[in-house]
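Dumped input_30.txt below, it's compact mmCIF, C-alpha atoms and all ligand atoms:
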```txt
# COMPACT_ATOMS: atom_id res chain seq x y z
CA MET A 1119 3.39 14.11 -11.46
CA GLY A 1120 7.16 13.79 -11.58
CA LYS A 1121 9.21 13.18 -8.48
CA SER A 1122 10.56 16.71 -8.27
CA SER A 1123 7.21 18.45 -8.74
CA LYS A 1124 5.76 16.43 -5.87
CA ASP A 1125 8.79 17.48 -3.84
CA LYS A 1126 8.04 21.13 -4.58
CA ARG A 1127 4.39 20.90 -3.73
CA ASP A 1128 4.46 18.85 -0.60
CA ALA A 1129 6.69 19.85 2.25
CA TYR A 1130 5.74 16.84 4.36
CA TYR A 1131 6.36 14.42 1.50
CA ARG A 1132 9.89 15.78 1.17
CA LEU A 1133 10.49 15.94 4.90
CA ALA A 1134 9.35 12.33 5.30
CA LYS A 1135 12.05 11.20 2.89
CA GLU A 1136 14.66 13.34 4.62
CA GLN A 1137 13.79 11.90 8.02
CA GLY A 1138 13.42 8.31 6.82
CA TRP A 1139 9.65 7.90 7.22
CA ARG A 1140 8.00 5.53 4.76
CA ALA A 1141 5.10 7.95 4.24
CA ARG A 1142 4.19 11.55 5.06
CA SER A 1143 1.38 10.14 7.27
CA ALA A 1144 4.01 9.76 10.03
CA PHE A 1145 3.64 13.49 10.72
CA LYS A 1146 -0.09 13.12 11.23
CA LEU A 1147 0.44 10.61 14.05
CA LEU A 1148 3.27 12.67 15.53
CA GLN A 1149 1.14 15.82 15.50
CA LEU A 1150 -1.79 13.94 17.05
CA ASP A 1151 0.57 12.74 19.77
CA GLU A 1152 1.79 16.30 20.32
CA GLU A 1153 -1.76 17.35 21.05
CA PHE A 1154 -3.11 14.30 22.90
CA ASN A 1155 -0.07 12.63 24.42
CA LEU A 1156 -1.18 9.37 22.83
CA PHE A 1157 1.85 7.31 23.74
CA GLU A 1158 1.87 8.06 27.45
CA ASP A 1159 1.97 4.79 29.45
CA VAL A 1160 1.39 2.78 26.28
CA THR A 1161 3.16 -0.50 25.57
CA ARG A 1162 0.65 -2.62 23.65
CA VAL A 1163 -0.60 -1.21 20.37
CA VAL A 1164 -2.51 -2.41 17.32
CA ASP A 1165 -1.88 -0.47 14.11
CA LEU A 1166 -4.68 -1.13 11.62
CA CYS A 1167 -4.35 -0.43 7.89
CA ALA A 1168 -0.69 0.08 8.52
CA ALA A 1169 1.08 -0.21 5.13
CA PRO A 1170 3.52 1.06 4.02
CA GLY A 1171 4.28 1.46 7.71
CA SER A 1172 5.10 5.02 8.71
CA TRP A 1173 2.80 4.92 11.75
CA SER A 1174 4.39 1.63 12.76
CA GLN A 1175 7.78 3.28 12.35
CA VAL A 1176 6.68 6.01 14.76
CA LEU A 1177 5.55 3.33 17.24
CA SER A 1178 8.80 1.44 16.82
CA ARG A 1179 10.93 4.52 17.38
CA VAL A 1180 8.97 5.87 20.32
CA LEU A 1181 8.03 2.67 22.15
CA ILE A 1182 10.64 0.09 21.22
CA LYS A 1183 13.72 2.26 20.77
CA GLY A 1184 12.50 4.83 23.28
CA GLU A 1185 13.38 7.79 21.07
CA LYS A 1186 11.98 11.11 22.05
CA ILE A 1187 10.82 12.57 18.79
CA GLY A 1188 10.68 16.33 18.78
CA ARG A 1189 8.05 18.53 17.28
CA ALA A 1190 6.56 16.82 14.25
CA GLY A 1191 8.04 18.78 11.42
CA TRP A 1192 10.84 21.19 10.97
CA GLU A 1193 9.86 23.56 13.74
CA ASP A 1194 11.75 21.82 16.50
CA LYS A 1195 12.85 24.34 19.06
CA GLN A 1196 16.51 23.41 18.90
CA ALA A 1197 16.47 23.62 15.15
CA ARG A 1198 14.83 27.02 15.27
CA GLU A 1199 17.44 28.33 17.67
CA LYS A 1200 20.17 26.83 15.57
CA LEU A 1201 18.96 28.71 12.55
CA ALA A 1202 17.87 31.77 14.54
CA LEU A 1203 14.68 31.96 12.58
CA HIS A 1204 12.36 34.88 12.96
CA GLY A 1205 8.76 34.60 11.97
CA ARG A 1206 7.80 32.14 9.30
CA ALA A 1207 10.82 30.38 7.89
CA GLN A 1208 11.41 29.95 4.21
CA ASP A 1209 11.88 26.51 2.81
CA SER A 1210 15.43 27.31 1.86
CA ASP A 1211 16.24 27.56 5.59
CA ILE A 1212 15.71 23.87 5.97
CA THR A 1213 18.59 21.50 5.71
CA ASN A 1214 19.07 17.81 6.19
CA ASP A 1215 21.02 18.69 9.26
CA MET A 1216 17.90 20.20 10.72
CA ALA A 1217 15.90 17.10 10.12
CA THR A 1218 18.33 15.13 12.23
CA VAL A 1219 18.32 17.71 15.01
CA GLU A 1220 14.70 17.12 15.80
CA ILE A 1221 14.98 13.41 16.47
CA SER A 1222 16.89 13.27 19.68
CA GLU A 1223 18.26 9.89 20.62
CA GLN A 1224 20.06 11.23 23.67
CA GLU A 1225 17.14 10.54 25.95
CA ALA A 1226 16.25 7.19 24.39
CA LYS A 1227 14.45 5.08 26.98
CA PRO A 1228 13.12 1.85 25.49
CA ARG A 1229 9.93 0.68 27.19
CA LYS A 1230 9.56 -2.81 28.64
CA ASP A 1231 7.25 -5.53 27.28
CA VAL A 1232 6.27 -3.63 24.17
CA ARG A 1233 3.96 -5.48 21.78
CA ILE A 1234 2.93 -3.92 18.48
CA VAL A 1235 0.86 -5.70 15.84
CA SER A 1236 0.36 -4.04 12.46
CA ILE A 1237 -2.26 -5.20 9.96
CA ASP A 1238 -2.88 -4.35 6.32
CA LEU A 1239 -4.38 -5.85 3.18
CA GLN A 1240 -1.09 -5.10 1.46
CA PRO A 1241 2.20 -6.76 2.32
CA MET A 1242 4.40 -4.59 4.48
CA SER A 1243 8.19 -4.57 4.68
CA PRO A 1244 9.31 -5.78 8.11
CA LEU A 1245 10.04 -3.34 10.92
CA GLU A 1246 12.16 -4.09 13.95
CA GLY A 1247 10.11 -5.40 16.86
CA ILE A 1248 6.78 -5.21 15.05
CA VAL A 1249 4.56 -8.16 14.18
CA THR A 1250 3.05 -7.56 10.75
CA MET A 1251 -0.02 -9.37 9.48
CA ARG A 1252 -1.55 -9.35 6.04
CA ALA A 1253 -5.30 -9.39 6.65
CA ASP A 1254 -8.59 -7.65 5.98
CA ILE A 1255 -9.75 -5.76 9.06
CA THR A 1256 -13.38 -6.12 8.00
CA HIS A 1257 -13.18 -9.92 8.06
CA PRO A 1258 -14.19 -11.78 11.25
CA SER A 1259 -11.30 -14.24 10.87
CA THR A 1260 -8.85 -11.39 11.49
CA ILE A 1261 -9.66 -11.10 15.19
CA PRO A 1262 -8.42 -14.57 16.31
CA ARG A 1263 -5.29 -14.04 14.22
CA LEU A 1264 -4.76 -10.68 15.89
CA LEU A 1265 -5.26 -12.14 19.37
CA GLN A 1266 -2.77 -14.87 18.60
CA ALA A 1267 -0.27 -12.32 17.31
CA LEU A 1268 -0.68 -10.26 20.48
CA ASP A 1269 -0.02 -13.16 22.85
CA PRO A 1270 1.32 -16.18 20.96
CA ASP A 1271 2.28 -18.01 24.18
CA THR A 1272 -0.98 -17.62 26.05
CA TYR A 1273 -3.49 -17.51 23.21
CA ASP A 1274 -6.46 -19.75 23.83
CA PRO A 1275 -9.05 -19.82 21.05
CA ALA A 1276 -11.78 -20.63 23.56
CA ALA A 1277 -10.95 -17.75 25.92
CA VAL A 1278 -12.67 -14.40 25.86
CA THR A 1279 -10.94 -11.53 24.11
CA ALA A 1280 -10.57 -9.47 27.27
CA SER A 1281 -7.48 -11.50 28.13
CA HIS A 1282 -5.51 -9.67 25.45
CA PRO A 1283 -5.59 -6.09 26.69
CA VAL A 1284 -4.26 -3.39 24.42
CA ASP A 1285 -3.56 0.23 25.40
CA LEU A 1286 -4.00 1.88 22.02
CA VAL A 1287 -5.62 0.98 18.68
CA ILE A 1288 -4.85 3.26 15.75
CA SER A 1289 -6.32 3.07 12.27
CA ASP A 1290 -5.33 5.12 9.26
CA GLY A 1291 -7.54 3.02 6.97
CA ALA A 1292 -8.50 4.44 3.64
CA PRO A 1293 -10.13 2.77 0.66
CA ASP A 1294 -8.94 3.36 -2.88
CA VAL A 1295 -10.76 6.62 -3.45
CA THR A 1296 -13.13 6.65 -6.44
CA GLY A 1297 -13.85 10.39 -6.45
CA LEU A 1298 -17.55 9.63 -5.86
CA HIS A 1299 -17.76 11.37 -2.53
CA ASP A 1300 -20.74 9.49 -1.06
CA LEU A 1301 -19.33 6.11 -2.06
CA ASP A 1302 -15.87 6.95 -0.69
CA THR A 1303 -17.36 8.14 2.59
CA TYR A 1304 -19.46 4.98 2.82
CA VAL A 1305 -16.50 2.64 2.26
CA GLN A 1306 -14.44 4.68 4.70
CA SER A 1307 -17.20 4.36 7.30
CA GLN A 1308 -17.10 0.57 6.88
CA LEU A 1309 -13.41 0.65 7.69
CA ILE A 1310 -14.06 2.75 10.80
CA TRP A 1311 -16.70 0.29 12.00
CA ALA A 1312 -14.32 -2.60 11.41
CA ALA A 1313 -11.52 -0.77 13.26
CA LEU A 1314 -13.85 0.10 16.13
CA ASN A 1315 -15.10 -3.47 16.44
CA LEU A 1316 -11.55 -4.77 16.55
CA ALA A 1317 -10.72 -2.11 19.14
CA LEU A 1318 -13.72 -3.11 21.26
CA CYS A 1319 -12.43 -6.70 21.26
CA VAL A 1320 -8.93 -5.87 22.48
CA LEU A 1321 -8.85 -2.51 24.29
CA LYS A 1322 -8.39 -2.51 28.02
CA PRO A 1323 -10.59 -0.22 30.11
CA GLY A 1324 -9.14 3.27 29.85
CA GLY A 1325 -7.60 2.45 26.46
CA LYS A 1326 -7.41 4.80 23.48
CA PHE A 1327 -8.66 4.62 19.91
CA VAL A 1328 -7.58 6.84 17.03
CA ALA A 1329 -9.08 6.50 13.55
CA LYS A 1330 -9.13 8.35 10.31
CA ILE A 1331 -12.58 9.60 9.29
CA PHE A 1332 -13.97 11.46 6.32
CA ARG A 1333 -16.10 14.32 7.58
CA GLY A 1334 -19.36 13.53 5.76
CA LYS A 1335 -22.85 14.66 6.58
CA ASP A 1336 -23.58 11.84 9.05
CA VAL A 1337 -20.39 12.12 11.01
CA ASP A 1338 -22.22 13.44 14.12
CA LEU A 1339 -23.81 10.04 14.50
CA LEU A 1340 -20.40 8.40 14.65
CA TYR A 1341 -19.27 10.83 17.37
CA ALA A 1342 -22.38 10.05 19.40
CA GLN A 1343 -21.79 6.33 19.04
CA LEU A 1344 -18.16 6.62 20.07
CA LYS A 1345 -19.17 8.71 23.06
CA ILE A 1346 -21.01 5.69 24.45
CA VAL A 1347 -17.89 3.60 24.78
CA PHE A 1348 -15.27 6.31 25.40
CA GLU A 1349 -15.17 8.97 28.08
CA ARG A 1350 -13.72 11.56 25.74
CA VAL A 1351 -14.11 11.93 21.98
CA ARG A 1352 -12.32 14.62 20.00
CA VAL A 1353 -11.94 15.26 16.30
CA ALA A 1354 -8.55 16.50 15.20
CA LYS A 1355 -7.06 17.82 12.02
CA PRO A 1356 -3.26 17.63 12.03
CA ARG A 1357 -1.46 20.40 10.21
CA SER A 1358 0.14 17.82 7.93
CA SER A 1359 -3.31 16.76 6.69
CA ARG A 1360 -4.30 18.92 3.75
CA ALA A 1361 -7.03 21.42 4.63
CA SER A 1362 -8.56 20.68 1.24
CA SER A 1363 -9.11 17.03 2.25
CA VAL A 1364 -12.19 15.87 4.20
CA GLU A 1365 -9.87 13.69 6.26
CA ALA A 1366 -9.74 14.13 10.03
CA PHE A 1367 -9.08 11.84 13.00
CA VAL A 1368 -11.27 10.82 15.91
CA VAL A 1369 -9.24 10.61 19.09
CA CYS A 1370 -11.10 8.65 21.75
CA THR A 1371 -9.74 8.15 25.24
CA GLY A 1372 -10.93 6.43 28.40
CA PHE A 1373 -12.46 3.26 26.96
CA CYS A 1374 -15.43 2.47 29.21
CA PRO A 1375 -17.53 -0.35 27.78
CA PRO A 1376 -21.06 -0.48 29.19
CA LYS A 1377 -21.55 -3.06 31.94
CA GLY A 1378 -22.07 -6.50 30.47
CA PHE A 1379 -20.81 -5.43 27.07
CA LYS A 1380 -19.25 -8.19 25.00
CA ALA A 1381 -17.61 -7.26 21.74
CA SER A 1382 -18.10 -9.62 18.86
CA LEU A 1383 -17.01 -9.51 15.26
CA ASP A 1384 -19.66 -12.05 14.31
CA ASN A 1385 -22.34 -9.75 15.61
CA PRO A 1386 -20.66 -6.39 15.37
CA LEU A 1387 -21.78 -3.05 16.60
CA GLY A 1388 -23.56 -1.01 14.00
CA ALA A 1389 -24.97 -4.01 12.16
CA GLY A 1390 -28.07 -6.07 12.63
CA ALA A 1391 -31.69 -5.25 13.31
CA LYS A 1392 -32.58 -2.25 15.38
CA LEU A 1393 -33.86 -3.29 18.77
CA GLN A 1394 -36.63 -1.76 20.80
CA PRO A 1395 -35.56 -0.21 24.09
CA ALA A 1396 -35.34 -2.82 26.82
CA PRO A 1397 -38.47 -3.16 28.99
CA GLY A 1398 -38.61 -0.40 31.51
CA THR A 1399 -36.08 1.72 29.60
CA GLN A 1400 -37.08 5.29 28.91
CA ALA A 1401 -36.13 5.91 25.28
CA ASN A 1402 -34.09 9.07 25.36
CA LYS A 1403 -33.86 10.21 21.77
CA ALA A 1404 -31.10 12.69 22.55
CA ALA A 1405 -28.69 9.84 23.06
CA PRO A 1406 -28.46 6.31 21.70
CA VAL A 1407 -30.13 3.70 23.88
CA ARG A 1408 -28.12 0.77 25.14
CA VAL A 1409 -29.99 -2.47 24.91
CA VAL A 1410 -28.67 -5.52 26.69
CA ARG A 1411 -29.94 -8.62 24.90
CA PRO A 1412 -30.81 -11.81 26.77
CA ASP A 1413 -27.50 -13.32 25.62
CA GLY A 1414 -25.65 -10.49 27.34
CA ILE A 1415 -24.56 -8.64 24.21
CA THR A 1416 -25.18 -4.93 24.27
CA GLU A 1417 -26.46 -3.24 21.13
CA LEU A 1418 -27.08 0.39 20.51
CA ASP A 1419 -30.38 1.74 19.26
CA MET A 1420 -29.40 4.91 17.47
CA GLY A 1421 -32.95 6.07 16.66
CA SER A 1422 -33.86 7.29 13.20
CA ASP A 1423 -31.95 9.85 11.16
CA ASP A 1424 -34.87 12.26 11.56
CA GLU A 1425 -34.52 12.25 15.29
CA TYR A 1426 -30.88 13.19 14.93
CA ASP A 1427 -31.66 16.08 12.64
CA ILE A 1428 -33.01 18.04 15.56
CA GLU A 1429 -30.16 20.43 16.26
CA GLU A 1430 -30.39 20.65 20.05
CA GLN A 1431 -30.36 16.88 20.39
CA ARG A 1432 -26.99 16.48 18.78
CA TRP A 1433 -23.80 15.88 20.63
CA ILE A 1434 -21.04 17.81 18.90
CA ALA A 1435 -17.52 16.50 19.23
CA PRO A 1436 -14.97 19.21 19.98
CA PHE A 1437 -12.78 19.87 16.94
CA LEU A 1438 -9.08 20.64 17.29
CA ALA A 1439 -6.39 21.62 14.86
CA CYS A 1440 -3.11 20.07 15.94
CA GLY A 1441 0.50 20.59 15.00
CA ASP A 1442 2.31 23.85 15.63
CA LEU A 1443 0.82 26.71 13.62
CA SER A 1444 4.25 27.60 12.34
CA ALA A 1445 4.75 24.10 10.96
CA TYR A 1446 4.56 23.50 7.24
CA ASP A 1447 1.14 24.03 5.74
CA ALA A 1448 0.24 20.82 3.90
CA ASP A 1449 -1.63 22.80 1.23
CA ALA A 1450 1.12 25.31 0.49
CA SER A 1451 3.89 25.12 -2.11
CA TYR A 1452 7.36 26.04 -0.96
CA HIS A 1453 10.40 27.21 -2.87
CA LEU A 1454 13.18 24.69 -2.96
CA PRO A 1455 16.80 25.64 -2.46
CA LYS A 1456 18.87 25.53 -5.66
CA ASP A 1457 20.92 22.61 -4.38
CA HIS A 1458 17.85 20.57 -3.44
CA VAL A 1459 18.34 16.86 -4.07
CA VAL A 1460 15.32 14.69 -4.81
CA LEU A 1461 15.52 11.62 -2.59
CA ASP A 1462 14.24 8.16 -3.43
CA PRO A 1463 11.27 6.85 -1.42
CA VAL A 1464 12.32 5.45 1.95
CA GLN A 1465 10.49 2.17 1.39
CA PRO A 1466 9.22 1.52 -2.15
CA PRO A 1467 5.90 -0.37 -2.18
CA THR A 1468 6.40 -4.12 -1.92
CA ALA A 1469 3.58 -5.08 -4.29
CA PRO A 1470 2.28 -1.93 -5.99
CA PRO A 1471 -0.87 -2.43 -8.06
CA TYR A 1472 0.83 -0.76 -11.04
CA LYS A 1473 3.63 -3.38 -11.10
CA LYS A 1474 1.58 -5.89 -13.08
CA ALA A 1475 0.43 -3.17 -15.50
CA LEU A 1476 4.05 -2.18 -16.15
CA GLU A 1477 5.03 -5.81 -16.70
CA ASN A 1478 2.15 -6.28 -19.14
CA ARG A 1479 3.10 -3.11 -20.97
CA LYS A 1480 6.73 -4.19 -21.20
CA ALA A 1481 5.69 -7.63 -22.46
CA ALA A 1482 3.54 -5.93 -25.10
CA GLY A 1483 6.56 -3.99 -26.31
CA GLY A 1484 6.09 -0.53 -24.82
CA ALA A 1485 3.48 2.10 -24.08
CA TYR A 1486 1.26 1.32 -27.07
CA GLY A 1487 2.38 -2.24 -27.72
CA LYS A 1488 3.73 -3.03 -31.15
CA THR A 1489 0.76 -1.42 -32.87
CA LYS A 1490 1.69 1.87 -34.58
CA LEU A 1491 -0.84 4.61 -34.03
CA GLY A 1492 -1.97 7.07 -36.74
N1 LIG A 1501 -0.79 4.54 8.26
C1 LIG A 1501 -0.11 4.08 7.06
C2 LIG A 1501 1.31 4.57 7.14
O1 LIG A 1501 1.59 5.39 7.99
O2 LIG A 1501 2.14 4.12 6.35
C3 LIG A 1501 -0.80 4.54 5.81
C4 LIG A 1501 -2.11 3.86 5.60
S1 LIG A 1501 -2.76 4.08 3.99
C5 LIG A 1501 -3.31 5.72 4.05
C6 LIG A 1501 -4.26 3.20 4.04
C7 LIG A 1501 -4.09 1.69 4.10
O3 LIG A 1501 -5.36 1.11 4.38
C8 LIG A 1501 -3.63 1.05 2.79
O4 LIG A 1501 -2.36 0.49 2.97
C9 LIG A 1501 -4.68 -0.03 2.53
O5 LIG A 1501 -4.13 -1.24 2.04
C10 LIG A 1501 -5.27 -0.22 3.92
N2 LIG A 1501 -6.59 -0.85 3.91
C11 LIG A 1501 -7.69 -0.45 3.22
N3 LIG A 1501 -8.70 -1.29 3.46
C12 LIG A 1501 -8.24 -2.26 4.31
C13 LIG A 1501 -8.83 -3.41 4.92
N4 LIG A 1501 -10.10 -3.74 4.70
N5 LIG A 1501 -8.06 -4.16 5.74
C14 LIG A 1501 -6.76 -3.83 5.97
N6 LIG A 1501 -6.15 -2.75 5.42
C15 LIG A 1501 -6.89 -1.97 4.61
```
In C-alpha cells, what does this structure look like?
Ligand code: SAM
Amino acid sequence: MGKSSKDKRDAYYRLAKEQGWRARSAFKLLQLDEEFNLFEDVTRVVDLCAAPGSWSQVLSRVLIKGEKIGRAGWEDKQAREKLALHGRAQDSDITNDMATVEISEQEAKPRKDVRIVSIDLQPMSPLEGIVTMRADITHPSTIPRLLQALDPDTYDPAAVTASHPVDLVISDGAPDVTGLHDLDTYVQSQLIWAALNLALCVLKPGGKFVAKIFRGKDVDLLYAQLKIVFERVRVAKPRSSRASSVEAFVVCTGFCPPKGFKASLDNPLGAGAKLQPAPGTQANKAAPVRVVRPDGITELDMGSDDEYDIEEQRWIAPFLACGDLSAYDADASYHLPKDHVVLDPVQPPTAPPYKKALENRKAAGGAYGKTKLG
C-alpha cells in the first residue's frame, strides 16, 4: 500500500503524523486515559513493548512536560468551536492548525520525580526523560534490569522487588501476526502473562495495569485471574482501534495482591503444576482458589476449563467503548482535501526487519537480481 492510500484509509495514521506521534497507537492510550483517567497521581511508569514509542511520547508529554492533551483526536472542543462544526465533520474540515489547537501547552505543569522506563525487543529512538531498554519482557533476566533502571542509585540485587514501587504498568505488546488466529492469540497471551508478571513485581498497592489483549475464546479466564489481584477490571475498545480487529485493552486498577503474595519471574503466575486447594480451603469453583505454598508464594488454582464453561459461574468483565463517538472511526475511509500533503513518518523505524532484505536485493542488482525472467 502506497503512502497516500494509507493516508486516505486511516484517519488516525494521518493525524498521528500531523501531531508528531510516532505511531497511531498514541490515540489508543489517549482515549483510554480519557475514559479511565489513567495518569491521575502517576509519576512512575513502565511502558512494555514500547517501540516505536508513541505511548512513551504520550507519557513524556503528559508527565514530564506536564502538557494537558485535549481530546484524543480532532474533536477537541476548542477546535470544534473554531470551525463551528455541526454534526459529523468531514475530513476536509480538518487542518494542521486544528491539530495544534488540541494540544494545549498553556497549562503545562511538569510533575516532580517522574520516572519512566520503556522496554522493547526492538531498538527505540531516544525520548526526552525516558529510560529505554532493549529487552525481552518474557525473559526472567529483564526484571533485575528493569529494577535497576527504575532506581539506579538504590538498586540492590538482593532486595525484594517491592522497594521499586511503580504507579502504572502499560503494555501494548503484540507478536508478529501470522494470520493463524489461534496461534496469534496464544503468543499474545504469553506476552500478557509476561507483562502481568512484571507488573506484579513492581506495582505498588493501588497501582494500575493496562494491557493489550486479543479477545479469544478463553479471555474470560484472564479477566477472572486479573480480578484476583486488582479491585477493578474493565475491558475497553478505544475508538482508534479498528472495530474489525480482535484487539482490546484490559484496564485494571487498585492493585491488591493477596496477603503473603510474592511475585517471581522464575516461578511466574500462570505456569507450573496445578496445586490442590490448601488444607481446610473450600474449593469454590466459581472463582480461582488462592493457594499459599509453604515457601510463601501464592499460586492460583484456576480449575479446569470445563468448570469455567458453566455460564453462571463466569465473571464477566464490563466492556467499554472509549473515545468520543464523534471522533474518527478507525474503520472508515475519509475524503482528503485537494491540497492534502502526505507527511513523512514522525520517527522511521531504527532497525526495520525489511532493511536487510532491501540491502540484499540491492546487492543482487534489483528486484529480480541480474537474472532475466521469461
Ligand atoms: N505502544 C507502541 C507505540 O505506541 O509505539 C507500539 C507497540 S507495537 C504495537 C508492539 C511491540 O511489541 C513491537 O515493537 C514489538 O517489538 C514488541 N514486542 C513483541 N514481543 C516482545 C517481547 N517479548 N518483549 C519486548 N517487546 C516485544
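The interatomic distance for the pair CA of Glu1349 (chain A) and CA of Gly1372 (chain A) works out to 5.0 Å.
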Show me which residues are within 6 Å of ligand LIG 1501 (chain A) counting only C-alpha atoms and all ligand atoms, and format the list as a list in words.
Ala1141, Ser1143, Ala1144, Cys1167, Ala1168, Ala1169, Pro1170, Gly1171, Ser1172, Trp1173, Asp1238, Leu1239, Gln1240, Ala1253, Asp1254, Ile1255, Thr1256, Asp1290, Gly1291, Ala1292 and Pro1293 of chain A
If we count only C-alpha atoms, what is near region 1316-1331 of chain A at a cut-off of 6 Å, once residues fewer than 5 positions away on the same chain are taken out, given as a list in words?
Thr1279, His1282, Pro1283, Val1284, Asp1285, Leu1286, Val1287, Ile1288, Ser1289, Asp1290, Glu1365, Ala1366, Phe1367, Val1368, Val1369, Cys1370, Thr1371, Gly1372, Phe1373, Cys1374 and Ala1381 of chain A
For Tyr1273 (chain A), list every protein, DNA or RNA residue within 10 Å, evaluated using only C-alpha atoms, and leave out those in the same chain fewer than 5 positions away; present the list as a PyMOL selection string.
chain A and resi 1262-1263+1265-1268+1279+1281-1282
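Close contacts of Arg1140 (chain A), defined as residues with an atom at most 12 Å away when counting all atoms listed in the file, with chain neighbours fewer than 6 positions off set aside, comprise A:Tyr1130, A:Tyr1131, A:Arg1132, A:Leu1133, A:Ala1134, A:Ala1168, A:Ala1169, A:Pro1170, A:Gly1171, A:Ser1172, A:Trp1173, A:Ser1174, A:Gln1175, A:Val1176, A:Met1242, A:Ser1243, A:Pro1244, A:Leu1245, A:Asp1462, A:Pro1463, A:Val1464, A:Gln1465, A:Pro1466, A:Pro1467, A:Thr1468.
Candidate residues A:Gly1188, A:Pro1241, A:Arg1252, A:Ala1129 were compared for distance to Pro1471 (chain A), and the nearest is A:Pro1241, using only C-alpha atoms.
Compared by their closest atoms to Val1163 (chain A), and using all atoms listed in the file, the residues A:Asp1128, A:Asp1231, A:Asp1274, A:Glu1136 rank with A:Asp1231 nearest.
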Just give me the gap between CA of Asp1449 (chain A) and CA of Val1353 (chain A) in Å, one decimal is fine.
19.8 Å
From the options A:Leu1156, A:Ile1248, A:Leu1264, A:Val1164, which residue's atoms come nearest to Ile1182 (chain A), counting only C-alpha atoms?
A:Ile1248
Restricting the calculation to only C-alpha atoms: of A:Gly1184, A:Ala1342, A:Ser1451, A:Pro1375, which residue gets closest to Pro1436 (chain A)?
A:Ala1342
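One finds CA of Gly1441 (chain A) at 28.1 Å from CA of Lys1456 (chain A).
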From the set A:Arg1352, A:Val1235, A:Gln1308, A:Leu1314, which residue has the shortest atom-to-atom contact distance to Glu1153 (chain A), counting only C-alpha atoms?
A:Arg1352
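For the residues A:Val1305, A:Val1180, A:Leu1166, A:Cys1440, ranking by smallest atom-to-atom distance to Ser1236 (chain A) using all atoms listed in the file places A:Leu1166 first.
Residues in contact range of Val1337 (chain A), defined as at most 12 Å between only C-alpha atoms, with sequence neighbours fewer than 3 positions away removed, read Thr1303, Tyr1304, Gln1306, Ser1307, Ile1310, Lys1330, Ile1331, Phe1332, Arg1333, Gly1334, Leu1340, Tyr1341, Ala1342, Gln1343, Leu1344, Val1353, Val1364, Glu1365, Ala1366, Phe1367, Val1368, Asp1423, Tyr1426, Arg1432, Trp1433, Ile1434 and Ala1435 of chain A.
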